[in-house]
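Worksheet for the structure shown next.
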Amino acid sequence: PEVRMAKGILVGEPTDLRVAWKEKGVSRLALTAHGIAAHASMPWKGDNAIMHMTHLLDRLAPMLRVPEGPTDDLTLVVSTINGGTRNNIVPERCEAQLNARYPYPLTAREVRERIMRTLEGETYDIVMQYELPAFETSPDTSLIQELLACGAGELTTVPYATEAAVYSAINPLVAVCGPGSPGMAHTKDEYVERYQLESAYRLYCDLARKLQG
């Protein structure tokens with residue numbers, strides 16, 4: 001009830017205190033190739049799962065292509081690969097973790113189906129392990145207009161995913177606005193400038209007073 005009745009829901013992820021009204025969704029998928037174990041001295045008796053995985057990833061190359069910069073399109077990344085158990089055994093299993101970032105209104109299920117169409121005719125398993133929907137609202141909502149009036153930066157979009165999509169399914173008055181640079185996320189020595197923390201404190205207090213009327 002609190003979420004549904006709220007006058008505004010602000011997600012404080014880093015935006016350099018600009019107001020994000022749109023963000024991509026995320027899905028994490030496990031792609032598994034299977035083979036037959038054998039002693040490495042007799043590879044003809046086995047079937048190498050790692051080699052099967054390299055073939056699958058070759059098929060996915062168009063989807064895995066890295067854009068030259070920020071994009072509104074779907075992106076797909078191979079984040080980890082794990083295959084084999086010992087140096088002297090032909091691996092019978094290889095798993096690649098895939099991380100997909102997709103724009104609204106694309107869904108995680110549609111991303112999985114696109115991968116499966118690309119791999120049509122191949123043998124593999126694919127399991128969706130996690131998903132968070134893409135988020136988009138109107139820049140004209142009362143919350144966003146109040147944020148701008150309180151001194152937040154310009155409108156923007158972000159490539160990462162937050163809980164905004166979950167909240168917006170219940171209450172449309174949602175925005176993402178927080179201190180720190182999106183480009184610093186998950187980097188070595190990640191930090192937030194002190195002046196941005198102070199600015200965020202003032203912005204949030206001003207917004208709360210306005211929303212309380």
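Each chain in the structure tokens gets a letter, A, B and so on, in the order shown; residues start at 1 in every chain, and ligands are counted from 1 in the order they appear.
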Please report, as a tab-separated table, each residue of region 101-187 of chain A lying at most 12 Å from region 30-53 of chain A, together with the nearest pair of atoms and the separation in Å rounded to one decimal; use only C-alpha atoms, and order rows by chain and ascending residue number.
```
residue	atom	partner	partner_atom	distance
A:Arg112	CA	A:Leu31	CA	10.5
A:Ile115	CA	A:Leu31	CA	10.0
A:Met116	CA	A:Leu31	CA	10.4
A:Leu119	CA	A:Leu31	CA	11.0
A:Glu122	CA	A:His52	CA	9.4
A:Thr123	CA	A:Ala33	CA	7.3
A:Tyr124	CA	A:Ala33	CA	5.0
A:Asp125	CA	A:Thr32	CA	5.1
A:Ile126	CA	A:Leu31	CA	4.5
A:Val127	CA	A:Ala30	CA	5.2
A:Met128	CA	A:Ala30	CA	6.5
A:Gln129	CA	A:Ala30	CA	7.0
A:Tyr130	CA	A:Ala30	CA	9.9
```
Exercise. Could you give me, as a list of chain:residue names, the residues within 9 Å of Pro103 (chain A), counting only C-alpha atoms and dropping anything in the same chain fewer than 4 positions from it?
Key: A:Lys22, A:Glu23, A:Lys24, A:Gly25, A:Asp72, A:Asp73, A:Leu74, A:Thr107, A:Pro133, A:Ala134, A:Phe135, A:Glu136, A:Pro159
Exercise. Pick out each residue of region 5-185 of chain A that DSSP on the backbone tags as strand (DSSP E); I need them as a PyMOL selection string.
Key: chain A and resi 9-11+19-23+25-34+38-39+75-83+89-90+93-102+125-132+135-136+155-158+174-176
Contact residues around Glu190 (chain A) with only C-alpha atoms at 12 Å, ignoring same-chain residues under 4 positions, as a short mmCIF file (atom, residue, chain, number, x, y, z; two decimals) with N, CA and C atoms, in the first residue's frame:
```cif
data_model
loop_
_atom_site.label_atom_id
_atom_site.label_comp_id
_atom_site.auth_asym_id
_atom_site.auth_seq_id
_atom_site.Cartn_x
_atom_site.Cartn_y
_atom_site.Cartn_z
N PRO A 14 23.61 5.87 -9.23
CA PRO A 14 24.39 6.99 -9.76
C PRO A 14 23.96 7.46 -11.15
N GLY A 180 27.11 10.33 -8.01
CA GLY A 180 28.08 9.41 -8.58
C GLY A 180 27.89 9.24 -10.07
N SER A 181 28.96 8.86 -10.72
CA SER A 181 28.94 8.70 -12.18
C SER A 181 28.61 7.26 -12.56
N PRO A 182 27.69 7.05 -13.50
CA PRO A 182 27.42 5.69 -13.97
C PRO A 182 28.66 5.01 -14.52
N GLY A 183 29.58 5.79 -15.08
CA GLY A 183 30.80 5.21 -15.64
C GLY A 183 31.75 4.65 -14.61
N MET A 184 31.54 4.98 -13.33
CA MET A 184 32.40 4.47 -12.27
C MET A 184 31.94 3.12 -11.73
N ALA A 185 30.76 2.69 -12.12
CA ALA A 185 30.18 1.47 -11.55
C ALA A 185 31.06 0.25 -11.79
N HIS A 186 31.33 -0.50 -10.74
CA HIS A 186 32.09 -1.75 -10.79
C HIS A 186 33.50 -1.56 -11.35
#
```
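CA of Val19 (chain A) lies 6.2 Å from CA of Glu154 (chain A).
Among the candidates A:Thr54, A:Leu132, A:Ser138, A:Cys94, the one nearest to Thr162 (chain A) when counting only C-alpha atoms is A:Leu132.
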Self-check item: Close residues, Leu148 (chain A) itself excluded, 12 Å, only C-alpha atoms, min 4 positions apart in chain, as a count of residues only
Solution: 22
Practice problem: For each of A:Thr80, A:Val26, A:Gly178, A:Glu146, take the minimum atom-to-atom distance to Gly213 (chain A), counting only C-alpha atoms, then give the residue where this is smallest. | Solution: A:Glu146
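The two atoms in question, CA of Val166 (chain A) and CA of Arg109 (chain A), are spaced 16.6 Å apart.
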Exercise. Could you jot down the CA of Trp21 (chain A) to CA of Gln97 (chain A) separation for me, Å, one decimal place?
Key: 28.9 Å
Quiz item: Residues at most 9 Å from Thr75 (chain A), counting only C-alpha atoms, excluding those fewer than 2 positions away in the same chain, as a PyMOL selection string?
Solution: chain A and resi 63-67+71-73+77+99-102
May I have the residues from that selection written out with N, CA and C atoms, as a PDB file, in the first residue's frame?
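And here's selection14.pdb as it stands now:
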```
ATOM      1  N   MET A  63      25.204 -11.149 -32.135  1.00  0.00           N
ATOM      2  CA  MET A  63      24.571 -10.606 -30.934  1.00  0.00           C
ATOM      3  C   MET A  63      25.610 -10.146 -29.912  1.00  0.00           C
ATOM      4  N   LEU A  64      26.810 -10.723 -29.984  1.00  0.00           N
ATOM      5  CA  LEU A  64      27.866 -10.403 -29.027  1.00  0.00           C
ATOM      6  C   LEU A  64      28.734  -9.232 -29.477  1.00  0.00           C
ATOM      7  N   ARG A  65      28.477  -8.712 -30.665  1.00  0.00           N
ATOM      8  CA  ARG A  65      29.293  -7.615 -31.182  1.00  0.00           C
ATOM      9  C   ARG A  65      29.239  -6.424 -30.230  1.00  0.00           C
ATOM     10  N   VAL A  66      30.418  -5.865 -29.930  1.00  0.00           N
ATOM     11  CA  VAL A  66      30.504  -4.757 -28.977  1.00  0.00           C
ATOM     12  C   VAL A  66      30.249  -3.436 -29.705  1.00  0.00           C
ATOM     13  N   PRO A  67      29.282  -2.636 -29.245  1.00  0.00           N
ATOM     14  CA  PRO A  67      29.017  -1.348 -29.896  1.00  0.00           C
ATOM     15  C   PRO A  67      30.167  -0.373 -29.657  1.00  0.00           C
ATOM     16  N   THR A  71      24.442   2.779 -26.498  1.00  0.00           N
ATOM     17  CA  THR A  71      23.454   2.388 -27.493  1.00  0.00           C
ATOM     18  C   THR A  71      22.126   2.072 -26.828  1.00  0.00           C
ATOM     19  N   ASP A  72      21.046   2.304 -27.554  1.00  0.00           N
ATOM     20  CA  ASP A  72      19.719   1.928 -27.071  1.00  0.00           C
ATOM     21  C   ASP A  72      19.364   0.498 -27.452  1.00  0.00           C
ATOM     22  N   ASP A  73      20.249  -0.168 -28.188  1.00  0.00           N
ATOM     23  CA  ASP A  73      19.972  -1.520 -28.661  1.00  0.00           C
ATOM     24  C   ASP A  73      20.312  -2.568 -27.601  1.00  0.00           C
ATOM     25  N   VAL A  77      26.747  -9.988 -23.466  1.00  0.00           N
ATOM     26  CA  VAL A  77      28.140 -10.167 -23.066  1.00  0.00           C
ATOM     27  C   VAL A  77      28.336 -11.572 -22.507  1.00  0.00           C
ATOM     28  N   ASN A  99      25.193 -12.175 -20.119  1.00  0.00           N
ATOM     29  CA  ASN A  99      24.532 -11.035 -19.493  1.00  0.00           C
ATOM     30  C   ASN A  99      23.930 -10.176 -20.593  1.00  0.00           C
ATOM     31  N   ALA A 100      22.601 -10.081 -20.616  1.00  0.00           N
ATOM     32  CA  ALA A 100      21.893  -9.318 -21.649  1.00  0.00           C
ATOM     33  C   ALA A 100      21.318  -8.042 -21.048  1.00  0.00           C
ATOM     34  N   ARG A 101      21.469  -6.937 -21.784  1.00  0.00           N
ATOM     35  CA  ARG A 101      20.861  -5.660 -21.403  1.00  0.00           C
ATOM     36  C   ARG A 101      19.954  -5.229 -22.550  1.00  0.00           C
ATOM     37  N   TYR A 102      18.688  -5.048 -22.247  1.00  0.00           N
ATOM     38  CA  TYR A 102      17.722  -4.861 -23.322  1.00  0.00           C
ATOM     39  C   TYR A 102      16.819  -3.663 -23.051  1.00  0.00           C
TER      40      TYR A 102
END
```
So which bits of region 142-188 of chain A end up helix (DSSP H, G or I) when you DSSP the backbone, as a compact mmCIF listing (two decimals) with C-alpha atoms, in the first residue's frame?
```txt
# COMPACT_ATOMS: atom_id res chain seq x y z
CA SER A 142 4.89 15.20 -11.64
CA LEU A 143 7.82 13.54 -9.83
CA ILE A 144 10.28 14.24 -12.63
CA GLN A 145 9.08 17.82 -13.02
CA GLU A 146 9.47 18.36 -9.26
CA LEU A 147 13.01 16.94 -9.39
CA LEU A 148 13.95 19.33 -12.17
CA ALA A 149 12.38 22.23 -10.29
CA ALA A 164 12.60 1.15 -10.84
CA ALA A 165 10.80 -1.31 -13.12
CA VAL A 166 9.45 -3.23 -10.12
CA TYR A 167 8.11 -0.09 -8.46
CA SER A 168 6.68 1.35 -11.68
CA PRO A 182 27.42 5.69 -13.97
CA GLY A 183 30.80 5.21 -15.64
CA MET A 184 32.40 4.47 -12.27
```
